[in-house]
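*Asks:* One structure, as structure tokens, below. Some questions next.
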Amino acid sequence: MSQLELRDIRKTYPGAHDETLKGINIDVASGEFLTLVGPSGCGKSTLMSSIAGLEAITGGSMVVNGVDISAMEPRDRDIAMVFQSYALYPTKSVRENIAFGLKIRGMPKDDIEREVERVADLLQISPLLDKKPARLSGGQQQRVAMGRALARRPKIYLFDEPLSNLDAKLRVEMRTEIKKLHQRLKTTVVYVTHDQIEAMTLADRIAVLKDGELQQLGTPKEVYDTPENLFVAGFIGSPSMSFIELEIERSEAGLSVTVEGSDGRKLSLPVPDYLANWVGKRVILGIRPEHISQPDNIKSEHSLVASGSLTVEVTEPTGPDIIAVIRLNGIDVHCRLDAEHPVNWGEDAELMFDMNKVVFFDPATEKRIRPN
């Protein structure tokens with residue numbers, strides 16, 4: 001297992017006016033599974049290629065176990081990369097594909113055979129060893145690509161959107177396999193994906209990138225519950241967080257905000273005391289679907305919980321629950337409702353707002369307003 005330190009990593013392509021990577025600082029602990037997420041063009045694949053040595057950085061340093069690898073050739077870094085396209089040799093068998101890198105390194109034939117058998121058994125592809133890639137399914141090809149990387153026993157594994165070419169069901173299955181594999185081997189992994197659900201389920205920590213800058217680095221729970229800014233809040237979560245701009249009010253009952261339904265009915269929602277300095281000012285309320293549900297007798301006794309009747313505009317059954325859409329202050333807001341107590345669109349529903357975990361943002365800076 002190995003530790004990776006990324007220090008002020010910068011990348012500017014020739015002829016470009018803007019940096020693709022703008023001073024990325026991340027420490028990846030030994031045995032950690034770090035996921036890089038962000039929209040297309042945010043720099044996550046460039047950062048991955050830079051770690052592998054396929055792209056030369058223009059500033060900063062990369063250190064593995066105390067050794068600066070920034071100027072090393074890819075073959076000298078002892079880092080294995082699994083690509084989105086699998087990159088298997090079509091004329092070679094699975095056995096030969098897995099063994100290829102070991103042969104290049106001059107490993108004895110008997111040792112190569114033992115290593116191929118070990119990896120094949122680990123990935124449950126032993127019956128496929130004599131087949132060519134063209135005869136394999138997408139999931140099997142992905143296992144072979146992983147096997148080729150695992151056989152090298154490198155210091156660090158890099159995965160660049162390895163599941164994006166698979167169908168939805170197979171993607172979920174392979175995600176589980178990767179998770180189990182990491183739990184068994186405790187290897188250091190940096191994993192790029194555009195799928196935030198994939199990031200949440202696989203990662204020990206998530207690094208959220210936008211326009212070449214690190215927006216937040218934290219555990220999946222930290223990134224989900226306490227996003228640093230509007231971008232992170234909207235990018236992580238499915239359905240995504242809803243945002244409503246409104247004014248903090250004070251009354252005898254305490255601090256609150258007022259929301260208005262599609263039919264003009266108004267509802268006062270309590271807010272935490274740390275917003276006292278924002279009374280009379282505009283803030284952005286960030287509320288996730290699970291913060292709006294059908295009434296719960298236990299939760300409803302809390303001081304930061306309110307209920308009211310609102311019109312349901314759309315319902316989306318998912319199986320275990322129902323995603324309903326309501327209109328608040330002219331904004332579509334998602335709610336997560338109990339599938340055992342269905343509601344119909346166009347009807348009124350009694351809804352409970354749990355304001356304990358909602359977050360608030362400064363409209364000027366778009367940063368989360370932190371408790372004092």
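Scheme for the structure tokens: letters A, B, ... for chains in order shown; per-chain residue numbers from 1; ligand numbers from 1 in order shown.
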For Cys335 (chain A), please output as number ranges by chain all residues within 12 Å (counting only C-alpha atoms; exclusion window: fewer than 6 positions along the same chain).
*Replies:* A: 238-242, 287-294, 310-317, 321-328, 343, 349-354
*Asks:* With a cut-off of 12 Å, could you pull out the residues of region 60-122 of chain A touching region 24-29 of chain A and give me the nearest pair of atoms for each, distance in Å to one decimal, using only C-alpha atoms, ordered by chain and ascending number, as a tab-separated table?
*Replies:*
residue	atom	partner	partner_atom	distance
A:Gly60	CA	A:Ile24	CA	8.5
A:Ser61	CA	A:Asn25	CA	9.7
A:Met62	CA	A:Asn25	CA	9.8
A:Val63	CA	A:Asp27	CA	9.5
A:Val64	CA	A:Val28	CA	9.6
A:Asn65	CA	A:Ala29	CA	10.0
A:Gly66	CA	A:Asp27	CA	11.9
*Asks:* Mind the document's chain letters and residue numbers, and return as number ranges by chain the residues of region 131-243 of chain A that DSSP labels helix (DSSP H, G or I).
*Replies:* A: 133-135, 138-152, 168-185, 196-202, 220-225, 230-235
*Asks:* Quick one: distance from CA of Arg148 (chain A) to CA of Val119 (chain A) in Å, one decimal?
*Replies:*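 Between these atoms lies a distance of 8.3 Å.
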*Asks:* Need the shell around Glu96 (chain A): protein/DNA/RNA residues with any atom at most 12 Å away, counting only C-alpha atoms. Skip same-chain ones fewer than 4 positions apart. Format as a PyMOL selection string?
*Replies:* chain A and resi 88-92+100-104+109+112-113+115-117+120+128-133+144-145+147-148+151
*Asks:* Mind pulling up the distance from CA of Phe33 (chain A) to CA of Leu122 (chain A)?
*Replies:*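 Pair CA of Leu122 (chain A) / CA of Phe33 (chain A) returns 18.9 Å.
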*Asks:* As a VMD selection string, please: every residue in region 139-354 of chain A that DSSP puts in strand (DSSP E).
*Replies:* chain A and resid 156 to 160 188 to 192 205 to 210 213 to 218 242 to 247 249 to 251 254 to 260 266 to 270 282 to 287 292 to 293 305 to 311 314 to 317 321 to 328 331 to 338 348 to 354
*Asks:* Looking at A:Cys42, A:Leu246, A:Leu209, A:Leu304, which one is nearest to Val232 (chain A), with distances taken over only C-alpha atoms?
*Replies:* A:Leu209
*Asks:* I'd like the interatomic distance between CA of Ala203 (chain A) and CA of Ile79 (chain A), to a tenth of an Å.
*Replies:*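 Going from CA of Ala203 (chain A) over to CA of Ile79 (chain A), I get 19.1 Å.
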*Asks:* Please determine, counting only C-alpha atoms, which residue among A:Val358, A:Val190, A:Ile98, A:Leu54 has the shortest atom-to-atom distance to Ser2 (chain A).
*Replies:*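 Result for the nearest residue to Ser2 (chain A): A:Val190.
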*Asks:* Find the spatial neighbours of region 212-221 of chain A, counting only C-alpha atoms, within a cut-off of 9 Å - ignore same-chain residues fewer than 5 positions away - and output them as a count of residues only.
*Replies:* 29
*Asks:* What lies within 12 Å of Ile69 (chain A) using only C-alpha atoms, ignoring chain neighbours under 2 positions off, as a ChimeraX atom specification?
*Replies:* /A:4-7,50-53,56-57,60-67,71-79
*Asks:* Could you write those residues out with N, CA and C atoms, as an mmCIF file, in the first residue's frame?
*Replies:*
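Listed below is the output, again-v1.cif:
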data_model
loop_
_atom_site.group_PDB
_atom_site.id
_atom_site.type_symbol
_atom_site.label_atom_id
_atom_site.label_comp_id
_atom_site.auth_asym_id
_atom_site.auth_seq_id
_atom_site.Cartn_x
_atom_site.Cartn_y
_atom_site.Cartn_z
ATOM 1 N N LEU A 4 -0.153 8.760 -1.611
ATOM 2 C CA LEU A 4 0.038 9.673 -2.732
ATOM 3 C C LEU A 4 -0.235 11.096 -2.260
ATOM 4 N N GLU A 5 0.693 11.991 -2.543
ATOM 5 C CA GLU A 5 0.530 13.405 -2.197
ATOM 6 C C GLU A 5 0.538 14.235 -3.475
ATOM 7 N N LEU A 6 -0.528 14.994 -3.687
ATOM 8 C CA LEU A 6 -0.620 15.911 -4.818
ATOM 9 C C LEU A 6 -0.468 17.314 -4.270
ATOM 10 N N ARG A 7 0.578 18.010 -4.711
ATOM 11 C CA ARG A 7 0.916 19.320 -4.169
ATOM 12 C C ARG A 7 0.813 20.390 -5.250
ATOM 13 N N SER A 50 -2.203 12.706 -15.415
ATOM 14 C CA SER A 50 -0.984 13.322 -14.875
ATOM 15 C C SER A 50 -0.359 12.432 -13.809
ATOM 16 N N ILE A 51 -1.195 11.822 -12.971
ATOM 17 C CA ILE A 51 -0.671 10.915 -11.945
ATOM 18 C C ILE A 51 0.006 9.718 -12.605
ATOM 19 N N ALA A 52 -0.606 9.218 -13.683
ATOM 20 C CA ALA A 52 -0.053 8.059 -14.393
ATOM 21 C C ALA A 52 1.206 8.406 -15.169
ATOM 22 N N GLY A 53 1.415 9.704 -15.439
ATOM 23 C CA GLY A 53 2.580 10.119 -16.224
ATOM 24 C C GLY A 53 2.281 10.245 -17.702
ATOM 25 N N ALA A 56 2.211 15.570 -18.803
ATOM 26 C CA ALA A 56 3.230 16.263 -18.007
ATOM 27 C C ALA A 56 2.599 17.459 -17.318
ATOM 28 N N ILE A 57 2.777 17.575 -16.015
ATOM 29 C CA ILE A 57 2.229 18.720 -15.296
ATOM 30 C C ILE A 57 3.114 19.947 -15.539
ATOM 31 N N GLY A 60 3.758 22.194 -9.639
ATOM 32 C CA GLY A 60 3.451 21.346 -8.500
ATOM 33 C C GLY A 60 4.274 20.068 -8.487
ATOM 34 N N SER A 61 3.907 19.171 -7.600
ATOM 35 C CA SER A 61 4.649 17.918 -7.471
ATOM 36 C C SER A 61 3.726 16.792 -7.038
ATOM 37 N N MET A 62 4.109 15.564 -7.423
ATOM 38 C CA MET A 62 3.407 14.346 -7.032
ATOM 39 C C MET A 62 4.397 13.446 -6.310
ATOM 40 N N VAL A 63 4.020 13.034 -5.101
ATOM 41 C CA VAL A 63 4.930 12.266 -4.257
ATOM 42 C C VAL A 63 4.269 10.957 -3.845
ATOM 43 N N VAL A 64 4.967 9.836 -4.051
ATOM 44 C CA VAL A 64 4.489 8.517 -3.632
ATOM 45 C C VAL A 64 5.459 7.956 -2.605
ATOM 46 N N ASN A 65 4.963 7.705 -1.409
ATOM 47 C CA ASN A 65 5.801 7.169 -0.317
ATOM 48 C C ASN A 65 7.074 7.986 -0.129
ATOM 49 N N GLY A 66 6.941 9.304 -0.202
ATOM 50 C CA GLY A 66 8.065 10.197 0.030
ATOM 51 C C GLY A 66 8.965 10.444 -1.164
ATOM 52 N N VAL A 67 8.684 9.804 -2.299
ATOM 53 C CA VAL A 67 9.509 9.955 -3.504
ATOM 54 C C VAL A 67 8.765 10.795 -4.536
ATOM 55 N N ALA A 71 8.622 13.859 -12.447
ATOM 56 C CA ALA A 71 9.374 13.829 -13.702
ATOM 57 C C ALA A 71 9.659 12.419 -14.193
ATOM 58 N N MET A 72 9.161 11.414 -13.496
ATOM 59 C CA MET A 72 9.434 10.026 -13.882
ATOM 60 C C MET A 72 8.630 9.638 -15.117
ATOM 61 N N GLU A 73 9.174 8.706 -15.893
ATOM 62 C CA GLU A 73 8.442 8.116 -17.002
ATOM 63 C C GLU A 73 7.327 7.223 -16.440
ATOM 64 N N PRO A 74 6.241 7.045 -17.189
ATOM 65 C CA PRO A 74 5.135 6.218 -16.692
ATOM 66 C C PRO A 74 5.567 4.835 -16.228
ATOM 67 N N ARG A 75 6.491 4.195 -16.968
ATOM 68 C CA ARG A 75 6.892 2.825 -16.632
ATOM 69 C C ARG A 75 7.649 2.758 -15.309
ATOM 70 N N ASP A 76 8.201 3.908 -14.870
ATOM 71 C CA ASP A 76 8.989 3.915 -13.642
ATOM 72 C C ASP A 76 8.179 4.287 -12.408
ATOM 73 N N ARG A 77 6.922 4.623 -12.579
ATOM 74 C CA ARG A 77 6.115 5.106 -11.455
ATOM 75 C C ARG A 77 5.470 3.982 -10.652
ATOM 76 N N ASP A 78 5.405 2.782 -11.227
ATOM 77 C CA ASP A 78 4.773 1.635 -10.571
ATOM 78 C C ASP A 78 3.317 1.953 -10.232
ATOM 79 N N ILE A 79 2.607 2.484 -11.231
ATOM 80 C CA ILE A 79 1.190 2.823 -11.105
ATOM 81 C C ILE A 79 0.445 2.143 -12.251
#
*Asks:* Restricting the calculation to only C-alpha atoms, which member of A:His194, A:Arg118, A:Arg336, A:Lys180 is positioned closest to Arg152 (chain A)?
*Replies:*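 Result for the nearest residue to Arg152 (chain A): A:Arg118.
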*Asks:* So which one's closest to Gln124 (chain A), A:Asp111, A:Glu161, A:Asp362, A:Glu177? Using only C-alpha atoms, please.
*Replies:*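 The answer is A:Glu177, which sits nearest to Gln124 (chain A).
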